[in-house]
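Peer 1: Once you've had a glance at the structure underneath, I'll fire off some questions.
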Amino acid sequence: MTDRLYYTDPHGREFDAVVARVERRDGRTVVMLDRTSFYPTSGGQPFDVGTLGGVRVIDVVDDEEGEVLHVVEDSVGADLGRPDAQPLQVGQRVHGVIAWPRRFDHMQQHTGQHVLSAAFDRLFGARTVSFHLGADVSTIDLARELKAADITAAEAEANRIVWEDRPVTIRFADAKEAESLKLRKPSAREGTLRLIEVDAFDLSACGGTHVARTGAIGIIAIASWERFKGGQRLEFLCGGRALARFRSQRDTLSAAMGLLSVSATDVPAAIERLLADAKGQKRAGTALQMELARYRAAEFAASAESTAGGRLVARAIDADAGGLKSLASAIAATPASPGYIVVLVSTSTPALVVVARSADVNVQANQVLAALTSRFGGRGGGKPDLAQGGGLSGSPQEILDAARAALLASLGPAL
Ligand SMILES: [Zn+2]
């Protein structure tokens, strides 16, 4: 079994050890030592990184037999911690170095979690059922849901403990002894238990690494909460992470304040005003478009050319599918004087086409469209009174000329 130096000395950043085994497991090189300060992923806390004899440690795993497995980078060369690093050999003495900023961050979050969980437990009897320390986000899951005011109260209590700078100590007890102690959460582990005590506030069985005094947590901030599995999941940030989040939110808020030319507290009201304005303008825009479509429809209808089949409006215009369709329908439905056949082509390429006709005209709009798509490609369909298509490759003039020809053909030999 590996001697875990971090159990009693969580602040040890460097250590010397002897390589006990080097193995390949699942395509990775794994090194076992007689002793280590590297923390393996366990109890919600992620692994440490660092170097062993100059070789980079990229993962640390706790195996079932109680060994700490150091997964090391395979290639040895200039990109490693030390350019002169050599592959590790059994029996070799190595110097280990823990990447401290990452480890210290984990210590801040983990001790912060103990304090926060204890505050929820002591104030509201709300148990922590699970803890996850992620790369960016840490969460605790509470057994039941609390109100916002209670969450704020527990957060305040936790920070009181942080600012009182209470000692955080490590001790060991056997399972029997632990039964008589008031642990926040009973431990299912057998044999010797490692206990973490926040002076006169919390006693928990835990194998993780912790700061020596609560003051080193810095601050505990709850970032958000949501309903989760009948209880509540809370996201929290301690120490350096709380500062990093403050900075990023400060930058975001400053940008919003600059854009809106308002103070921080007025940002939500300013956005509300903008949204209301935008809604009003959209409504006005839609009304204007409809108004414009009516005028255009009247103008186009007035310039219709007389053909054997009816009054033909054949035009290329700059509009999207919706614009073409509503304009064509408006012309075809001109109430005072029906008898219209409308072919509108977009000026965009590939072209969009809409064919429409008034109720009293004997032309099949879908047949005209089919004639156009069979010649110019693209696809589309519709009914005898209205058909639309897209993806036609031809100039607007070519398409309109073909439409005229198709209309004449559809009128048949009666002409
Ligand atoms: Zn813990």
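Identifiers in this document derive from the order of the structure tokens: chains are assigned A, B, ..., residues are numbered from 1 separately in each chain, and ligands are numbered from 1 in order of occurrence.
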Ser37 (chain A): which residues within 10 Å, counting only C-alpha atoms, same-chain residues fewer than 2 positions away excluded, as a list in words?
Peer 2: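 The neighbour list is Asp3, Arg4, Leu5, Tyr6, Tyr7, Thr8, Asp9, Pro10, His11, Gly12, Arg13, Glu14, Phe15, Asp16, Ala17, Arg35, Tyr39, Pro40, Asp48, Val68, Gly96, Val97 and Ile98 of chain A.
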Peer 1: Taking only C-alpha atoms and all ligand atoms into account, report as an MDAnalysis selection string which residues have an atom no farther than 10 Å from an atom of ligand 1.
Peer 2: chainID A and resid 42:45 107 109:115 131 195:196 204:210
Peer 1: Please, could you write that set of residues out with N, CA and C atoms as a PDB file, in the first residue's frame?
Peer 2:
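File produced: again-v9.pdb:
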```pdb
ATOM      1  N   SER A  42     -10.837  11.057  -5.583  1.00  0.00           N
ATOM      2  CA  SER A  42     -11.679  10.325  -4.632  1.00  0.00           C
ATOM      3  C   SER A  42     -12.449  11.304  -3.761  1.00  0.00           C
ATOM      4  N   GLY A  43     -13.582  10.843  -3.258  1.00  0.00           N
ATOM      5  CA  GLY A  43     -14.387  11.647  -2.331  1.00  0.00           C
ATOM      6  C   GLY A  43     -14.836  12.975  -2.907  1.00  0.00           C
ATOM      7  N   GLY A  44     -15.017  13.026  -4.241  1.00  0.00           N
ATOM      8  CA  GLY A  44     -15.487  14.262  -4.868  1.00  0.00           C
ATOM      9  C   GLY A  44     -14.382  15.211  -5.251  1.00  0.00           C
ATOM     10  N   GLN A  45     -13.134  14.935  -4.815  1.00  0.00           N
ATOM     11  CA  GLN A  45     -12.003  15.831  -5.111  1.00  0.00           C
ATOM     12  C   GLN A  45     -11.164  15.257  -6.247  1.00  0.00           C
ATOM     13  N   MET A 107      -8.128  22.460  -2.302  1.00  0.00           N
ATOM     14  CA  MET A 107      -8.220  22.545  -0.837  1.00  0.00           C
ATOM     15  C   MET A 107      -9.210  23.629  -0.417  1.00  0.00           C
ATOM     16  N   GLN A 109     -11.776  24.732  -2.144  1.00  0.00           N
ATOM     17  CA  GLN A 109     -13.149  24.312  -2.456  1.00  0.00           C
ATOM     18  C   GLN A 109     -13.602  23.228  -1.473  1.00  0.00           C
ATOM     19  N   HIS A 110     -12.687  22.280  -1.164  1.00  0.00           N
ATOM     20  CA  HIS A 110     -13.092  21.134  -0.345  1.00  0.00           C
ATOM     21  C   HIS A 110     -13.357  21.532   1.108  1.00  0.00           C
ATOM     22  N   THR A 111     -12.457  22.328   1.697  1.00  0.00           N
ATOM     23  CA  THR A 111     -12.718  22.767   3.077  1.00  0.00           C
ATOM     24  C   THR A 111     -13.944  23.687   3.093  1.00  0.00           C
ATOM     25  N   GLY A 112     -14.059  24.517   2.069  1.00  0.00           N
ATOM     26  CA  GLY A 112     -15.237  25.383   1.953  1.00  0.00           C
ATOM     27  C   GLY A 112     -16.515  24.567   1.924  1.00  0.00           C
ATOM     28  N   GLN A 113     -16.450  23.434   1.219  1.00  0.00           N
ATOM     29  CA  GLN A 113     -17.634  22.557   1.156  1.00  0.00           C
ATOM     30  C   GLN A 113     -17.993  22.008   2.539  1.00  0.00           C
ATOM     31  N   HIS A 114     -16.979  21.587   3.300  1.00  0.00           N
ATOM     32  CA  HIS A 114     -17.270  21.079   4.650  1.00  0.00           C
ATOM     33  C   HIS A 114     -17.970  22.154   5.477  1.00  0.00           C
ATOM     34  N   VAL A 115     -17.444  23.391   5.415  1.00  0.00           N
ATOM     35  CA  VAL A 115     -18.003  24.479   6.220  1.00  0.00           C
ATOM     36  C   VAL A 115     -19.432  24.789   5.761  1.00  0.00           C
ATOM     37  N   PHE A 131     -21.335  15.618  -3.140  1.00  0.00           N
ATOM     38  CA  PHE A 131     -20.431  16.743  -3.380  1.00  0.00           C
ATOM     39  C   PHE A 131     -19.636  16.460  -4.632  1.00  0.00           C
ATOM     40  N   LEU A 195     -10.466  11.860  10.240  1.00  0.00           N
ATOM     41  CA  LEU A 195     -11.484  12.862  10.538  1.00  0.00           C
ATOM     42  C   LEU A 195     -10.939  14.270  10.317  1.00  0.00           C
ATOM     43  N   ILE A 196     -11.765  15.122   9.721  1.00  0.00           N
ATOM     44  CA  ILE A 196     -11.405  16.528   9.522  1.00  0.00           C
ATOM     45  C   ILE A 196     -12.298  17.352  10.436  1.00  0.00           C
ATOM     46  N   SER A 204     -16.033  15.624  10.268  1.00  0.00           N
ATOM     47  CA  SER A 204     -16.441  14.749   9.168  1.00  0.00           C
ATOM     48  C   SER A 204     -15.342  13.761   8.843  1.00  0.00           C
ATOM     49  N   ALA A 205     -15.751  12.540   8.491  1.00  0.00           N
ATOM     50  CA  ALA A 205     -14.791  11.555   7.997  1.00  0.00           C
ATOM     51  C   ALA A 205     -14.502  11.913   6.546  1.00  0.00           C
ATOM     52  N   CYS A 206     -13.208  12.092   6.201  1.00  0.00           N
ATOM     53  CA  CYS A 206     -12.867  12.540   4.851  1.00  0.00           C
ATOM     54  C   CYS A 206     -11.400  12.241   4.557  1.00  0.00           C
ATOM     55  N   GLY A 207     -11.126  11.798   3.339  1.00  0.00           N
ATOM     56  CA  GLY A 207      -9.741  11.504   2.946  1.00  0.00           C
ATOM     57  C   GLY A 207      -9.119  12.636   2.146  1.00  0.00           C
ATOM     58  N   GLY A 208      -9.827  13.749   2.011  1.00  0.00           N
ATOM     59  CA  GLY A 208      -9.369  14.828   1.134  1.00  0.00           C
ATOM     60  C   GLY A 208      -8.313  15.722   1.746  1.00  0.00           C
ATOM     61  N   THR A 209      -7.854  16.671   0.950  1.00  0.00           N
ATOM     62  CA  THR A 209      -6.846  17.624   1.424  1.00  0.00           C
ATOM     63  C   THR A 209      -7.535  18.929   1.797  1.00  0.00           C
ATOM     64  N   HIS A 210      -7.118  19.462   2.942  1.00  0.00           N
ATOM     65  CA  HIS A 210      -7.799  20.651   3.478  1.00  0.00           C
ATOM     66  C   HIS A 210      -6.799  21.720   3.909  1.00  0.00           C
TER      67      HIS A 210
END
```
Peer 1: Using only C-alpha atoms, which of the listed residues (A:Leu407, A:His95, A:Ser374, A:Ser117) sits closest to Leu312 (chain A)?
Peer 2: A:Leu407
Peer 1: Tell me, as a list in words, which residues lie within 12 Å of Asp401 (chain A), counting only C-alpha atoms; anything in the same chain fewer than 4 positions away does not count.
Peer 2: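 Counting only the stated atoms, we get Ala314, Arg315, Ala316, Val343, Leu344, Val345, Val368, Ala371, Leu372, Arg375, Gly394, Ser395, Pro396, Gln397, Ala405, Ala406, Leu407 and Leu408 of chain A.
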Peer 1: Write out as a ChimeraX atom specification the residues lying within 10 Å of Ala297 (chain A), counting only C-alpha atoms and excluding same-chain residues fewer than 2 positions away.
Peer 2: /A:291-295,299-302,313,326-334
Peer 1: Which residues, written as an MDAnalysis selection string, have at least one atom at most 10 Å from Ala126 (chain A), with only C-alpha atoms counted and residues fewer than 4 positions away on the same chain left out?
Peer 2: chainID A and resid 117:122 141:146 231:232
Peer 1: One decimal, in Å: what's the spacing between CA of Ala173 (chain A) and CA of Thr192 (chain A)?
Peer 2: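 So the answer is 5.6 Å.
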Peer 1: Would you list, as a JSON list (two decimals) with C-alpha atoms, in the first residue's frame, the residues of region 209-339 of chain A that end up in strand (DSSP E) under DSSP run on this structure's backbone?
Peer 2:
```json
[["chain", "number", "residue", "atom", "x", "y", "z"],
["A", 220, "ILE", "CA", -17.68, 31.03, 0.15],
["A", 221, "ALA", "CA", -20.16, 32.25, -2.47],
["A", 222, "ILE", "CA", -23.24, 30.38, -3.67],
["A", 223, "ALA", "CA", -23.59, 31.04, -7.38],
["A", 224, "SER", "CA", -26.91, 29.36, -8.17],
["A", 225, "TRP", "CA", -29.34, 26.64, -7.14],
["A", 226, "GLU", "CA", -31.91, 24.40, -8.77],
["A", 227, "ARG", "CA", -34.33, 21.65, -7.86],
["A", 228, "PHE", "CA", -32.58, 18.27, -8.06],
["A", 231, "GLY", "CA", -33.78, 18.14, -3.05],
["A", 232, "GLN", "CA", -31.60, 20.96, -4.26],
["A", 233, "ARG", "CA", -28.31, 21.29, -6.14],
["A", 234, "LEU", "CA", -26.26, 24.34, -5.23],
["A", 235, "GLU", "CA", -23.30, 25.66, -7.17],
["A", 236, "PHE", "CA", -20.67, 27.32, -5.00],
["A", 237, "LEU", "CA", -17.29, 28.99, -5.40],
["A", 238, "CYS", "CA", -14.57, 29.42, -2.78],
["A", 305, "GLU", "CA", -51.42, 43.34, -69.38],
["A", 306, "SER", "CA", -54.45, 41.87, -71.04],
["A", 311, "ARG", "CA", -55.05, 40.10, -66.82],
["A", 312, "LEU", "CA", -51.43, 39.09, -66.42],
["A", 313, "VAL", "CA", -49.02, 40.53, -63.86],
["A", 314, "ALA", "CA", -45.56, 39.10, -64.57],
["A", 315, "ARG", "CA", -42.79, 40.78, -62.59],
["A", 316, "ALA", "CA", -39.37, 40.24, -61.07],
["A", 317, "ILE", "CA", -39.09, 41.81, -57.63]]
```
Peer 1: From a DSSP calculation on the backbone, collect every residue of region 160-381 of chain A in helix (DSSP H, G or I) and output the set as an NGL selection string.
Peer 2: :A and (160-163 or 175-180 or 214-217 or 239-260 or 264-302 or 321-332 or 365-376)
